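Asks: Mind looking over this structure? Questions follow.
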Amino acid sequence: MSEKLDICLVMCPPYGPESPPLSLASLVEAVRHKGFTAHVEDVNIRVFRAAGEEHHDQWSMDIKEQWVWPTRIGKTWETYREPLEACIDDLASVDTDTYGFSCHSDNRLMTQEVIRHLKRKKPDAFCIVGGMGVVSNTDMSRFDRGLVDAFVFGPEGENTLCDLLDKRRKGESIVGVPGVFALLPGGRYSELTERKAVENLDVFPWPTFEDFDLSMYTTPNLPLITSRGCRSRCLFCNDRVLMGPQRNRTAENILEEMKYHLEHQGVRDYSFNDLQLNYNLEEVDKLCRMIVEWGEEVRWNCNMIISESLTLDILKNFKAAGCHTITLGLESGSPKIV
């Protein structure tokens, strides 16, 4: 008889249907790299596909009310009840006691609904929530009291998750695991022991996306990320709180990942998910030169900040390496804000 899986990783709607979620893809590689077993369930793309084209605009970043307003989420559930219940049946049938939910501000309410329904079918389900949707005590308090068994908070969530799974496998308490708020008797959560950020990002296995059917998504595009965290401390942004200071992968490591995706998935089109790709302009420029030397035709887009360092020569190098779109962030005109 096979042993239970250590975890089932889940993304609830809404999330962009263009490509698989980078969070799940990264987490599943990390936990397997440490010897744990895992299953991935992209509930978001299943519901998106089942909803039909007449509902696809509801996944637009410009239309959020039905997902983020507590007074609307019940109606949204009813609208997509059939595919959601089918997904929950499948989640409950996974041979595991532990579920990890990737949460952001837009899917936080639906994540709670899915956990509620999952626990009705599988009362012993141990549910972990982490991501950009839980970066403060206020975010945690938005969930029903005692519904979530553990929140993962802070940088390097994959290391936190692996440490948590190790404790679960050994039957030990998860209280005190760095980066974990653990549910205590009475509905309170344990104090947080902060997790230190890892400087060398090349130690993390990059995602292979082999758990995803790429034909389910709306573009032949895969997400990449070259860095974590941010040098700035903008008051309006949560990324520094969650991900810590700016750290970068090497150009060699990024190119190795791109070569893998081309060989195994046939993918030539990428979106760099970095907040500001040009924060480490020297390494990015090096990557562009390496892509040109590689000789394969690839396409990519990215986010950058307005900077005098973006010279014409640098931009020409980007274009030669396949860059077709740059989204420039003005951030704010006030030095007090940024």
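Residue names in the structure tokens use chain letters A, B, ... in the order shown, residue numbers from 1 in each chain, and ligand numbers from 1 in the order shown.
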What's the 10 Å shell around A:Ser307, counting only C-alpha atoms, without same-chain residues fewer than 4 positions away, as an NGL selection string?
Replies: :A and (278-279 or 311 or 328 or 330)
Asks: When DSSP works through the backbone of this structure, what residues of stretch 16-145 of chain A end up as strand (DSSP E or B), shown as a PyMOL selection string?
Replies: chain A and resi 38-42+96+98-102+126-130
Asks: Could you name the residues that touch stretch 242-259 of chain A at 9 Å or less, counting only C-alpha atoms, but leaving out those on the same chain fewer than 3 positions away, as a PyMOL selection string?
Replies: chain A and resi 131-132+134-135+153-157+196-202+206-208+224-232+238-239+262-264+267-268+270+279-280+283-288+290-291
Asks: Let's see if you can do this: from backbone DSSP, list all helix (DSSP H, G or I) residues in stretch 157-189 of chain A, as a list of chain:residue names.
Replies: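 After running DSSP on the backbone, stretch 157-189 of chain A has helix (DSSP H, G or I) at A:Gly157, A:Glu158, A:Asn159, A:Thr160, A:Leu161, A:Cys162, A:Asp163, A:Leu164, A:Leu165, A:Asp166, A:Lys167, A:Arg168, A:Arg169, A:Lys170.
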Asks: Expressed in Å to a single decimal, how great is the separation between atom CA of A:Glu296 and atom CA of A:Ala321?
Replies: 9.2 Å
Asks: Can you work out which one of A:Lys4, A:Asn159, A:Leu22, A:Asp97 has the shortest atom-to-atom distance to A:Phe204, counting only C-alpha atoms?
Replies: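 Under the stated criterion, the closest residue is A:Asn159.
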Asks: Could you pull the residues within 12 Å of A:Thr219, counting only C-alpha atoms, minus those fewer than 5 positions along the same chain, as a list in words?
Replies: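 Residues near the query, excluding close chain neighbours: Gly16, Pro17, Glu18, Ser19, Pro20, Leu214, Val267, Arg268, Asp269, Tyr270 and Ser271 of chain A.
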Asks: Can you write out the residues you just picked, keeping N, CA and C atoms, as a compact mmCIF listing (two decimals), in the first residue's frame?
Replies:
```txt
# COMPACT_ATOMS: atom_id res chain seq x y z
N GLY A 16 -4.40 34.86 -12.94
CA GLY A 16 -4.26 35.03 -14.38
C GLY A 16 -4.23 33.70 -15.10
N PRO A 17 -5.07 33.52 -16.13
CA PRO A 17 -5.13 32.24 -16.85
C PRO A 17 -4.08 32.11 -17.95
N GLU A 18 -3.19 33.10 -18.06
CA GLU A 18 -2.23 33.09 -19.16
C GLU A 18 -1.21 31.97 -19.04
N SER A 19 -0.81 31.65 -17.81
CA SER A 19 0.25 30.66 -17.61
C SER A 19 0.10 30.04 -16.22
N PRO A 20 0.76 28.91 -15.96
CA PRO A 20 0.66 28.28 -14.65
C PRO A 20 1.19 29.19 -13.55
N LEU A 214 0.06 22.59 -20.03
CA LEU A 214 0.23 23.94 -20.56
C LEU A 214 -0.84 24.30 -21.59
N VAL A 267 8.99 25.81 -25.00
CA VAL A 267 8.56 27.18 -24.73
C VAL A 267 9.66 28.17 -25.08
N ARG A 268 9.29 29.20 -25.83
CA ARG A 268 10.22 30.26 -26.21
C ARG A 268 9.75 31.64 -25.72
N ASP A 269 8.61 31.69 -25.06
CA ASP A 269 8.00 32.97 -24.68
C ASP A 269 7.91 33.04 -23.16
N TYR A 270 8.42 34.13 -22.58
CA TYR A 270 8.52 34.23 -21.12
C TYR A 270 8.06 35.60 -20.62
N SER A 271 7.58 35.59 -19.39
CA SER A 271 7.29 36.83 -18.67
C SER A 271 8.14 36.85 -17.41
```
Asks: Distance atom CA of A:Ala86-atom CA of A:Leu165, one decimal place?
Replies: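 Between atom CA of A:Ala86 and atom CA of A:Leu165 the gap is 26.9 Å.
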